[in-house]
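This report concerns only the one structure given below.
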There are 2 protein chains.
Amino acid sequence: MRDHYDDQDHHECGRGCAGHVRGGETAAASVPEAARDPARRGFLRGGMLAGASAALGGLGAPSLSHAATTMKRSTLSHYHVPATDRTVHWGYFSKRLQPVVEVESGDFVTIETLTHHANDDAERMIRGDPGAESVYYWDRHRKGVDRRGAGPMDASLFGRGAGEGLGVHICTGPVAVKDAEPGDVLEVRILDVKPRPCANPEFAGRAFGSNAAAWWGFHYKDQIEEPKGREVITIYEVDAAGERNWARALYNFRWTPQTDPYGVTHKIIDYPGVPVDHGTIQENWGVLRNIRVPIRPHFGVMGLAPAEADIVDSIPPSYTGGNMDDWRIGKGATMYYPVAVKGALLSVGDPHASQGDSELCGTAIECSLTGTFQVILHRKESLGGTPLENLAYPLLETQDEFVVHGFSFPNYLADLGPKAQSEIYSKSSTDLALRDAFRKMRHFLMTTQGLTEDEAVSLMSVAVDFGVTQVVDGNWGMHAIVKKSIFGADD
Amino acid sequence: MRDHYDDQDHHECGRGCAGHVRGGETAAASVPEAARDPARRGFLRGGMLAGASAALGGLGAPSLSHAATTMKRSTLSHYHVPATDRTVHWGYFSKRLQPVVEVESGDFVTIETLTHHANDDAERMIRGDPGAESVYYWDRHRKGVDRRGAGPMDASLFGRGAGEGLGVHICTGPVAVKDAEPGDVLEVRILDVKPRPCANPEFAGRAFGSNAAAWWGFHYKDQIEEPKGREVITIYEVDAAGERNWARALYNFRWTPQTDPYGVTHKIIDYPGVPVDHGTIQENWGVLRNIRVPIRPHFGVMGLAPAEADIVDSIPPSYTGGNMDDWRIGKGATMYYPVAVKGALLSVGDPHASQGDSELCGTAIECSLTGTFQVILHRKESLGGTPLENLAYPLLETQDEFVVHGFSFPNYLADLGPKAQSEIYSKSSTDLALRDAFRKMRHFLMTTQGLTEDEAVSLMSVAVDFGVTQVVDGNWGMHAIVKKSIFGADD
């Protein structure tokens, strides 16, 4: 799957592919409601829709000034990218990666994603699943995916393994977008998100996730029960059919030193995908009894390849998105990313069944998911005078809200210089991230609403909510939420 | 009104007093629904209701083990505390204040509160309102309320005025609760919140508020438009009838040096209640056009007198509550405070029509409101083994959520020593406040749900939302929200 698929007649589909979408009326009938009704996006009408209308020209989009100057398309394609050892990159973003598929603006792509915590309970999250088994394959001679992280392949830094676990997320992709160039904006609409059912017949019809309270968690150095310095995994069950909107905990266990198939012992959770030998741990069943965790399926990692380095640790989020860990990036949400490299190079991973604002203990309910996306390219030359002009940060739109994401360092790779990828882990604070969220929301309100700074500042104090996105991803994040219903009154 | 009202037959009522509520059935008929149905509070059933059932013994509360051992009451009283120069204290809490009224556990009290920003537009927020006029009265000989803040009365520190503006909020009270002792917990239920209509006939039927983007705001040293270092007031209109759930901005103006009636010129907003001479400022009408700010009426300041000092600046929140500035502390909410001094000494002020999480620019829509409260005393000896045992922080309960509030310093008066009241302004961070919110939520989950630390930490990561309460009150605040619906499932 690491080939180009320039010709949509030859795209490779996996299970569940909806097939090609062709021709005017047929296309309209097959395209999800959200994609057919760009007019709902009244707030961004005008500039922001110009690009979309180019892609959606045949689909009943309102006639906009820009539309007449761009080519109409009468064919949209739907691709399916399975998660296999050939379609994932583990623990890093890279502008040097060969795309698994190239799509055109307006196309759909279904992307399978795997949690990097599946080996916490391989019986429930790997066994019987050919894609997961190929990714997680590891015997004493070979790993299905050798590089895990952006570190050296010879593990000369810490001896943990290839890539050194400097970056942990299994990312599916990258998906290249035809004609995308630096300075463009890529819109990614999340049309659907589904749990990945367990493939082990013993647990048929069920789905599972793992929460690791790990050494990088906010709580870790602040434990009150003994033994302090412990890492704890909690296994959760999620409804595979998506009918129940809650998850429940099954059992937890304390991490004990685990020796991987290459003979390296991992005293702490320092390398992703190490198989946990359940003969060495104590499963405590019945934890969190009578507690239902509301489901918020989303992708912890979604973003584009940054330009600043050839290989970039997947953990710290940045201006091209990545590991943002905002639970609002789920079904129905749209992300806008500044394109940093040719082809944009979209990757998705770190699927979560649920997460609270802060992701306090280091992880969410890490649970394999499959998403269906529509990608729309907004060319740089079409952005002048539109709300997307000079968009230098990832912007989230949901049905009711716009959300900007502040980071301790908005572009840490550029902000912190050559040692950015290590220094980011010691320099973050929520104060810095709040400062950045404030500046981004001010920019958003002044740009998209034409407010003065004084108007934007007053509005932020009385009607914008600032919250903690995450404090566990190196580059800590705070977000700012503004409700769409605030705008556009007639009085 | 600064007298004791030990005898409920002689309480002094202002306008709007619902009168005494007497006798079993009559009482039940007059008491709000929420107060009559403590069983809704299933989550805290058991211990937490024991105290309430004592107060509500005659009102159909379920028979609990503790109830039989406490005295039944057949009379509840409803007091009304108007806001006048005799019933407010401006800019400070103090355990030395004479209570304006003493109530018994279970009683109701309606408390008028005035915004300390009313003089930003006296025509709309003071004129014609006898209570507000008495509080704000200021000619070259006399102020209606001289002390404003916890500073020296002779203004020997900065020369701003009596109390030096070290504390700014007009607080109505204190209300003493009979028999309350340190170690008890006071439950305060907010039964109703109403805007205070403008009393100026020119603006009949309307209500107004002020938002000050001031020097203590998070934005202040980070302005991008000129002239930098400006303070800006925005006047908002709020629906006096409470029928519209949104406010709109009317105009804004840049603060210019204002000379108070005593001849002191205030170049910046450094003393509360300075009358703004509208001949010296430029009103810019039509700001924030077509924008509707959702209404969230609440009390920025509500809390008990702390024990640590005789007079305490009203700005930094602490373990007894005070200036918490959480917009969730509105109608339908219940607060639980640890009692620090004899009589508890509840005061309410800093009324807000709306505020975003963070109160970024320094204030909310500051808007006079009147609240109706029921206070219930939980005696220390009844708390053993209940969720309120060892409650050392203000706890918020709403219909759907429990919220704990972290501060940079949980009890800054004790934590920072003799200079606490000045040092708190230079030592706060959101990181510290998040740390405290984490610890309090862990305590809450372990205490009220009987969770292990490992269970609590996992649940916090996947189901608790951490947000920014405020970053402008000296002792910065972050909160943690857990949904009640998570608990009590049968499976």
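The way I read the labels, and the way they are meant: chains A, B, ... in the order of the structure tokens, residue 1 as the first residue of every chain, and ligand 1 as the first ligand shown, with later ones counted on from there.
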Query raised in the report: Mind listing as a ChimeraX atom specification which residues of chain A are within 8 Å of chain B, counting only C-alpha atoms?
Result: /A:211-213,219,223-225,232,234,287-294,354-365,429-431,438,451,453-455,457-468,485-491
Test item: residues at most 9 Å from range 151-155 of chain B, only C-alpha atoms, excluding those fewer than 2 positions along its chain, as a tab-separated table (two decimals) with C-alpha atoms, in the first residue's frame:
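New file around-v8.tsv:
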chain	number	residue	atom	x	y	z
B	146	ASP	CA	-15.44	54.54	53.19
B	147	ARG	CA	-13.33	51.40	53.43
B	148	ARG	CA	-12.79	49.77	50.08
B	149	GLY	CA	-10.25	47.01	50.42
B	157	LEU	CA	0.41	52.76	51.25
B	158	PHE	CA	-0.50	54.06	47.80
B	159	GLY	CA	-2.67	57.10	48.43
B	160	ARG	CA	-5.58	55.66	46.49
B	161	GLY	CA	-8.15	55.86	49.28
B	162	ALA	CA	-9.37	54.17	52.44
B	163	GLY	CA	-8.60	50.45	52.23
B	164	GLU	CA	-6.41	51.21	49.19
B	165	GLY	CA	-8.54	49.12	46.86
B	166	LEU	CA	-6.70	46.03	48.09
B	167	GLY	CA	-9.87	44.11	47.46
B	311	ILE	CA	-9.22	41.45	57.44
B	313	ASP	CA	-8.51	41.16	50.61
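Distance annotation: of A:Ala204, A:Gly349, A:Cys171, A:Gly144, the residue with the minimal separation from Leu369 in chain A is A:Gly349; atom set is only C-alpha atoms.
Taking the backbone of this structure through DSSP, the residues of range 78-181 of chain A that come out as strand (DSSP E) are His78, Tyr79, His80, Val81, Val88, His89, Trp90, Tyr92, Phe93, Val101, Glu102, Val103, Phe108, Val109, Thr110, Ile111, Glu112, Thr113, Ile170, Cys171, Thr172, Gly173, Pro174, Val175, Ala176 and Val177 of chain A.
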Query raised in the report: Could you name the residues that touch range 136-141 of chain B at 12 Å or less, counting only C-alpha atoms, but leaving out those on the same chain fewer than 3 positions away, as a PyMOL selection string?
Result: chain B and resi 83-86+88+90+114-120+122+125-133+144-148+170+259-264+272-275
Report task. Would you mind reading off the distance between CA of Pro317 in chain B and CA of Tyr425 in chain B, one decimal, in Å? Result -> 11.7 Å
Query - Polymer residues at most 10 Å from Asp310 in chain A, only C-alpha atoms, same-chain spacing of 4 or more positions, as a list in words - result: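 Contacts, with the query itself left out: Tyr92, Phe93, Ser94, Lys95, Arg96, Leu97, Ala150, Ala305 and Pro306 of chain A.
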Excluding same-chain residues fewer than 2 positions from Tyr319 in chain A, what lies within 12 Å of it counting only C-alpha atoms, as a PDB file with N, CA and C atoms, in the first residue's frame?
ATOM      1  N   VAL A 185      -4.232  25.502   2.865  1.00  0.00           N
ATOM      2  CA  VAL A 185      -4.891  24.993   4.072  1.00  0.00           C
ATOM      3  C   VAL A 185      -5.628  23.713   3.698  1.00  0.00           C
ATOM      4  N   MET A 302      -3.927  13.499  14.635  1.00  0.00           N
ATOM      5  CA  MET A 302      -4.330  13.725  13.251  1.00  0.00           C
ATOM      6  C   MET A 302      -3.593  14.989  12.830  1.00  0.00           C
ATOM      7  N   GLY A 303      -2.929  14.927  11.710  1.00  0.00           N
ATOM      8  CA  GLY A 303      -2.201  16.118  11.315  1.00  0.00           C
ATOM      9  C   GLY A 303      -1.344  15.877  10.096  1.00  0.00           C
ATOM     10  N   LEU A 304      -0.610  16.913   9.743  1.00  0.00           N
ATOM     11  CA  LEU A 304       0.187  16.913   8.524  1.00  0.00           C
ATOM     12  C   LEU A 304       1.673  16.843   8.875  1.00  0.00           C
ATOM     13  N   ALA A 305       2.474  16.479   7.903  1.00  0.00           N
ATOM     14  CA  ALA A 305       3.918  16.434   8.129  1.00  0.00           C
ATOM     15  C   ALA A 305       4.449  17.853   8.262  1.00  0.00           C
ATOM     16  N   PRO A 306       5.247  18.094   9.308  1.00  0.00           N
ATOM     17  CA  PRO A 306       5.876  19.420   9.429  1.00  0.00           C
ATOM     18  C   PRO A 306       7.076  19.548   8.484  1.00  0.00           C
ATOM     19  N   ALA A 307       7.458  20.796   8.226  1.00  0.00           N
ATOM     20  CA  ALA A 307       8.552  21.054   7.277  1.00  0.00           C
ATOM     21  C   ALA A 307       9.907  21.097   7.953  1.00  0.00           C
ATOM     22  N   GLU A 308       9.933  21.289   9.267  1.00  0.00           N
ATOM     23  CA  GLU A 308      11.172  21.710   9.935  1.00  0.00           C
ATOM     24  C   GLU A 308      12.217  20.622  10.084  1.00  0.00           C
ATOM     25  N   PRO A 316       4.838  15.497  20.655  1.00  0.00           N
ATOM     26  CA  PRO A 316       4.441  16.905  20.860  1.00  0.00           C
ATOM     27  C   PRO A 316       3.593  17.434  19.694  1.00  0.00           C
ATOM     28  N   PRO A 317       2.434  17.981  19.975  1.00  0.00           N
ATOM     29  CA  PRO A 317       1.639  18.591  18.905  1.00  0.00           C
ATOM     30  C   PRO A 317       2.283  19.901  18.465  1.00  0.00           C
ATOM     31  N   GLY A 321      -0.793  20.303  13.639  1.00  0.00           N
ATOM     32  CA  GLY A 321      -1.662  19.360  14.347  1.00  0.00           C
ATOM     33  C   GLY A 321      -0.845  18.259  14.988  1.00  0.00           C
ATOM     34  N   GLY A 322      -1.162  17.021  14.656  1.00  0.00           N
ATOM     35  CA  GLY A 322      -0.483  15.894  15.291  1.00  0.00           C
ATOM     36  C   GLY A 322      -1.211  15.471  16.544  1.00  0.00           C
ATOM     37  N   ASN A 323      -0.446  15.258  17.592  1.00  0.00           N
ATOM     38  CA  ASN A 323      -0.987  14.654  18.819  1.00  0.00           C
ATOM     39  C   ASN A 323      -1.702  15.696  19.686  1.00  0.00           C
ATOM     40  N   MET A 324      -2.793  16.231  19.159  1.00  0.00           N
ATOM     41  CA  MET A 324      -3.480  17.314  19.865  1.00  0.00           C
ATOM     42  C   MET A 324      -4.289  16.816  21.054  1.00  0.00           C
ATOM     43  N   TYR A 336      -8.933  22.303  10.255  1.00  0.00           N
ATOM     44  CA  TYR A 336      -8.219  23.067   9.224  1.00  0.00           C
ATOM     45  C   TYR A 336      -6.752  23.129   9.632  1.00  0.00           C
ATOM     46  N   TYR A 337      -5.880  22.669   8.733  1.00  0.00           N
ATOM     47  CA  TYR A 337      -4.445  22.645   9.030  1.00  0.00           C
ATOM     48  C   TYR A 337      -3.672  23.471   8.008  1.00  0.00           C
ATOM     49  N   PRO A 338      -2.691  24.231   8.440  1.00  0.00           N
ATOM     50  CA  PRO A 338      -1.787  24.832   7.459  1.00  0.00           C
ATOM     51  C   PRO A 338      -0.916  23.744   6.822  1.00  0.00           C
ATOM     52  N   VAL A 339      -0.826  23.750   5.509  1.00  0.00           N
ATOM     53  CA  VAL A 339      -0.001  22.774   4.797  1.00  0.00           C
ATOM     54  C   VAL A 339       1.449  23.242   4.848  1.00  0.00           C
ATOM     55  N   ALA A 340       2.339  22.339   5.251  1.00  0.00           N
ATOM     56  CA  ALA A 340       3.748  22.723   5.414  1.00  0.00           C
ATOM     57  C   ALA A 340       4.648  22.129   4.343  1.00  0.00           C
ATOM     58  N   LEU A 391      -3.699  31.389   8.269  1.00  0.00           N
ATOM     59  CA  LEU A 391      -3.954  30.402   9.325  1.00  0.00           C
ATOM     60  C   LEU A 391      -2.639  29.696   9.638  1.00  0.00           C
ATOM     61  N   ALA A 392      -2.162  29.889  10.840  1.00  0.00           N
ATOM     62  CA  ALA A 392      -0.843  29.361  11.210  1.00  0.00           C
ATOM     63  C   ALA A 392      -0.964  28.304  12.299  1.00  0.00           C
ATOM     64  N   TYR A 393      -2.173  27.821  12.526  1.00  0.00           N
ATOM     65  CA  TYR A 393      -2.390  26.868  13.616  1.00  0.00           C
ATOM     66  C   TYR A 393      -3.549  25.960  13.251  1.00  0.00           C
ATOM     67  N   PRO A 394      -3.648  24.812  13.893  1.00  0.00           N
ATOM     68  CA  PRO A 394      -4.769  23.920  13.608  1.00  0.00           C
ATOM     69  C   PRO A 394      -6.055  24.484  14.218  1.00  0.00           C
ATOM     70  N   LEU A 395      -7.096  24.562  13.419  1.00  0.00           N
ATOM     71  CA  LEU A 395      -8.384  25.130  13.838  1.00  0.00           C
ATOM     72  C   LEU A 395      -9.436  24.034  13.775  1.00  0.00           C
ATOM     73  N   VAL A 404      -9.744  26.873  19.160  1.00  0.00           N
ATOM     74  CA  VAL A 404      -8.331  27.032  18.820  1.00  0.00           C
ATOM     75  C   VAL A 404      -7.496  26.359  19.913  1.00  0.00           C
ATOM     76  N   HIS A 405      -6.332  25.911  19.504  1.00  0.00           N
ATOM     77  CA  HIS A 405      -5.480  25.133  20.404  1.00  0.00           C
ATOM     78  C   HIS A 405      -4.168  25.864  20.643  1.00  0.00           C
ATOM     79  N   GLY A 406      -3.959  26.229  21.880  1.00  0.00           N
ATOM     80  CA  GLY A 406      -2.683  26.827  22.251  1.00  0.00           C
ATOM     81  C   GLY A 406      -1.717  25.752  22.695  1.00  0.00           C
ATOM     82  N   PHE A 407      -0.450  25.972  22.396  1.00  0.00           N
ATOM     83  CA  PHE A 407       0.600  25.062  22.863  1.00  0.00           C
ATOM     84  C   PHE A 407       1.634  25.873  23.640  1.00  0.00           C
ATOM     85  N   SER A 408       2.365  25.218  24.493  1.00  0.00           N
ATOM     86  CA  SER A 408       3.430  25.930  25.198  1.00  0.00           C
ATOM     87  C   SER A 408       4.337  26.628  24.182  1.00  0.00           C
ATOM     88  N   PHE A 409       4.619  25.929  23.084  1.00  0.00           N
ATOM     89  CA  PHE A 409       5.380  26.520  21.984  1.00  0.00           C
ATOM     90  C   PHE A 409       4.622  26.234  20.690  1.00  0.00           C
ATOM     91  N   PRO A 410       4.104  27.292  20.052  1.00  0.00           N
ATOM     92  CA  PRO A 410       3.192  27.077  18.918  1.00  0.00           C
ATOM     93  C   PRO A 410       3.834  26.312  17.756  1.00  0.00           C
ATOM     94  N   ASN A 411       5.114  26.542  17.510  1.00  0.00           N
ATOM     95  CA  ASN A 411       5.858  25.737  16.535  1.00  0.00           C
ATOM     96  C   ASN A 411       7.179  25.400  17.199  1.00  0.00           C
ATOM     97  N   TYR A 412       7.137  24.392  18.068  1.00  0.00           N
ATOM     98  CA  TYR A 412       8.313  24.141  18.915  1.00  0.00           C
ATOM     99  C   TYR A 412       9.548  23.794  18.114  1.00  0.00           C
ATOM    100  N   LEU A 413       9.367  23.172  16.945  1.00  0.00           N
ATOM    101  CA  LEU A 413      10.528  22.788  16.130  1.00  0.00           C
ATOM    102  C   LEU A 413      11.309  24.024  15.699  1.00  0.00           C
ATOM    103  N   ALA A 414      10.576  25.099  15.369  1.00  0.00           N
ATOM    104  CA  ALA A 414      11.246  26.348  15.005  1.00  0.00           C
ATOM    105  C   ALA A 414      11.590  27.163  16.245  1.00  0.00           C
ATOM    106  N   ASP A 415      10.676  27.147  17.238  1.00  0.00           N
ATOM    107  CA  ASP A 415      10.854  28.016  18.404  1.00  0.00           C
ATOM    108  C   ASP A 415      12.059  27.614  19.259  1.00  0.00           C
ATOM    109  N   ASP A 436      -0.648  31.204  24.506  1.00  0.00           N
ATOM    110  CA  ASP A 436      -0.779  30.942  23.074  1.00  0.00           C
ATOM    111  C   ASP A 436      -2.247  30.798  22.664  1.00  0.00           C
ATOM    112  N   LYS A 440      -4.154  33.058  19.881  1.00  0.00           N
ATOM    113  CA  LYS A 440      -4.812  32.456  18.717  1.00  0.00           C
ATOM    114  C   LYS A 440      -6.295  32.811  18.673  1.00  0.00           C
ATOM    115  N   ASN A 475       4.677  19.087  24.552  1.00  0.00           N
ATOM    116  CA  ASN A 475       4.212  20.438  24.254  1.00  0.00           C
ATOM    117  C   ASN A 475       2.774  20.570  24.766  1.00  0.00           C
ATOM    118  N   GLY A 477      -0.943  21.575  26.034  1.00  0.00           N
ATOM    119  CA  GLY A 477      -1.967  22.265  25.257  1.00  0.00           C
ATOM    120  C   GLY A 477      -3.112  22.803  26.107  1.00  0.00           C
TER     121      GLY A 477
END
Surrounding residues of Arg189 in chain B excluding itself and chain neighbours under 2 positions, 7 Å, only C-alpha atoms, as a PDB file with all heavy atoms, in the first residue's frame:
ATOM      1  N   GLU B 187     -23.636  24.278  53.703  1.00  0.00           N
ATOM      2  CA  GLU B 187     -24.185  24.055  52.369  1.00  0.00           C
ATOM      3  C   GLU B 187     -25.012  25.276  52.003  1.00  0.00           C
ATOM      4  O   GLU B 187     -25.872  25.708  52.779  1.00  0.00           O
ATOM      5  CB  GLU B 187     -25.056  22.792  52.390  1.00  0.00           C
ATOM      6  CG  GLU B 187     -25.801  22.529  51.095  1.00  0.00           C
ATOM      7  CD  GLU B 187     -26.650  21.255  51.155  1.00  0.00           C
ATOM      8  OE1 GLU B 187     -26.496  20.468  52.120  1.00  0.00           O
ATOM      9  OE2 GLU B 187     -27.473  21.068  50.242  1.00  0.00           O
ATOM     10  N   LEU B 191     -31.137  29.198  45.077  1.00  0.00           N
ATOM     11  CA  LEU B 191     -32.477  28.839  44.598  1.00  0.00           C
ATOM     12  C   LEU B 191     -32.938  29.748  43.471  1.00  0.00           C
ATOM     13  O   LEU B 191     -33.742  29.353  42.628  1.00  0.00           O
ATOM     14  CB  LEU B 191     -33.468  28.907  45.769  1.00  0.00           C
ATOM     15  CG  LEU B 191     -33.087  28.041  46.983  1.00  0.00           C
ATOM     16  CD1 LEU B 191     -34.137  28.179  48.070  1.00  0.00           C
ATOM     17  CD2 LEU B 191     -32.913  26.578  46.592  1.00  0.00           C
ATOM     18  N   ALA B 333     -27.316  25.778  41.606  1.00  0.00           N
ATOM     19  CA  ALA B 333     -26.062  25.230  42.123  1.00  0.00           C
ATOM     20  C   ALA B 333     -26.078  25.200  43.642  1.00  0.00           C
ATOM     21  O   ALA B 333     -26.783  25.969  44.294  1.00  0.00           O
ATOM     22  CB  ALA B 333     -24.881  26.059  41.628  1.00  0.00           C
ATOM     23  N   THR B 334     -25.283  24.309  44.192  1.00  0.00           N
ATOM     24  CA  THR B 334     -25.081  24.229  45.634  1.00  0.00           C
ATOM     25  C   THR B 334     -23.588  24.269  45.917  1.00  0.00           C
ATOM     26  O   THR B 334     -22.819  23.596  45.248  1.00  0.00           O
ATOM     27  CB  THR B 334     -25.667  22.904  46.183  1.00  0.00           C
ATOM     28  OG1 THR B 334     -27.083  22.904  45.977  1.00  0.00           O
ATOM     29  CG2 THR B 334     -25.367  22.743  47.663  1.00  0.00           C
ATOM     30  N   MET B 335     -23.220  25.074  46.899  1.00  0.00           N
ATOM     31  CA  MET B 335     -21.823  25.105  47.332  1.00  0.00           C
ATOM     32  C   MET B 335     -21.719  24.511  48.734  1.00  0.00           C
ATOM     33  O   MET B 335     -22.606  24.709  49.572  1.00  0.00           O
ATOM     34  CB  MET B 335     -21.306  26.546  47.357  1.00  0.00           C
ATOM     35  CG  MET B 335     -21.112  27.199  46.006  1.00  0.00           C
ATOM     36  SD  MET B 335     -19.795  26.452  44.997  1.00  0.00           S
ATOM     37  CE  MET B 335     -18.403  26.531  46.131  1.00  0.00           C
ATOM     38  N   PHE B 373     -31.183  32.159  48.644  1.00  0.00           N
ATOM     39  CA  PHE B 373     -30.347  31.053  49.087  1.00  0.00           C
ATOM     40  C   PHE B 373     -31.020  30.293  50.225  1.00  0.00           C
ATOM     41  O   PHE B 373     -31.785  30.864  50.994  1.00  0.00           O
ATOM     42  CB  PHE B 373     -28.996  31.575  49.600  1.00  0.00           C
ATOM     43  CG  PHE B 373     -28.303  32.507  48.645  1.00  0.00           C
ATOM     44  CD1 PHE B 373     -28.580  33.881  48.651  1.00  0.00           C
ATOM     45  CD2 PHE B 373     -27.386  32.022  47.721  1.00  0.00           C
ATOM     46  CE1 PHE B 373     -27.942  34.735  47.769  1.00  0.00           C
ATOM     47  CE2 PHE B 373     -26.748  32.878  46.832  1.00  0.00           C
ATOM     48  CZ  PHE B 373     -27.036  34.247  46.856  1.00  0.00           C
ATOM     49  N   GLN B 374     -30.701  29.025  50.313  1.00  0.00           N
ATOM     50  CA  GLN B 374     -31.015  28.269  51.520  1.00  0.00           C
ATOM     51  C   GLN B 374     -29.691  27.785  52.109  1.00  0.00           C
ATOM     52  O   GLN B 374     -28.841  27.258  51.367  1.00  0.00           O
ATOM     53  CB  GLN B 374     -31.911  27.069  51.207  1.00  0.00           C
ATOM     54  CG  GLN B 374     -32.352  26.325  52.471  1.00  0.00           C
ATOM     55  CD  GLN B 374     -33.211  25.119  52.170  1.00  0.00           C
ATOM     56  OE1 GLN B 374     -33.094  24.506  51.118  1.00  0.00           O
ATOM     57  NE2 GLN B 374     -34.090  24.768  53.104  1.00  0.00           N
ATOM     58  N   VAL B 375     -29.528  27.983  53.409  1.00  0.00           N
ATOM     59  CA  VAL B 375     -28.271  27.557  54.037  1.00  0.00           C
ATOM     60  C   VAL B 375     -28.542  26.401  54.978  1.00  0.00           C
ATOM     61  O   VAL B 375     -29.509  26.413  55.737  1.00  0.00           O
ATOM     62  CB  VAL B 375     -27.589  28.719  54.790  1.00  0.00           C
ATOM     63  CG1 VAL B 375     -27.174  29.808  53.808  1.00  0.00           C
ATOM     64  CG2 VAL B 375     -28.471  29.292  55.872  1.00  0.00           C
TER      65      VAL B 375
END
Report task. Apply DSSP to the structure's backbone, then extract all residues of range 229-455 of chain A labelled helix (DSSP H, G or I) and return them as JSON, numbers by chain. Result -> {"A": [380, 381, 382, 412, 413, 414, 415, 417, 418, 419, 420, 421, 422, 423, 424, 425, 426, 427, 430, 431, 432, 433, 434, 435, 436, 437, 438, 439, 440, 441, 442, 443, 444, 445, 446, 447, 448, 449, 453, 454, 455]}
Requested in this report: Tell me, in Å to one decimal, how far CA of Arg142 in chain B is from CA of Ile235 in chain B.
Outcome: 27.6 Å
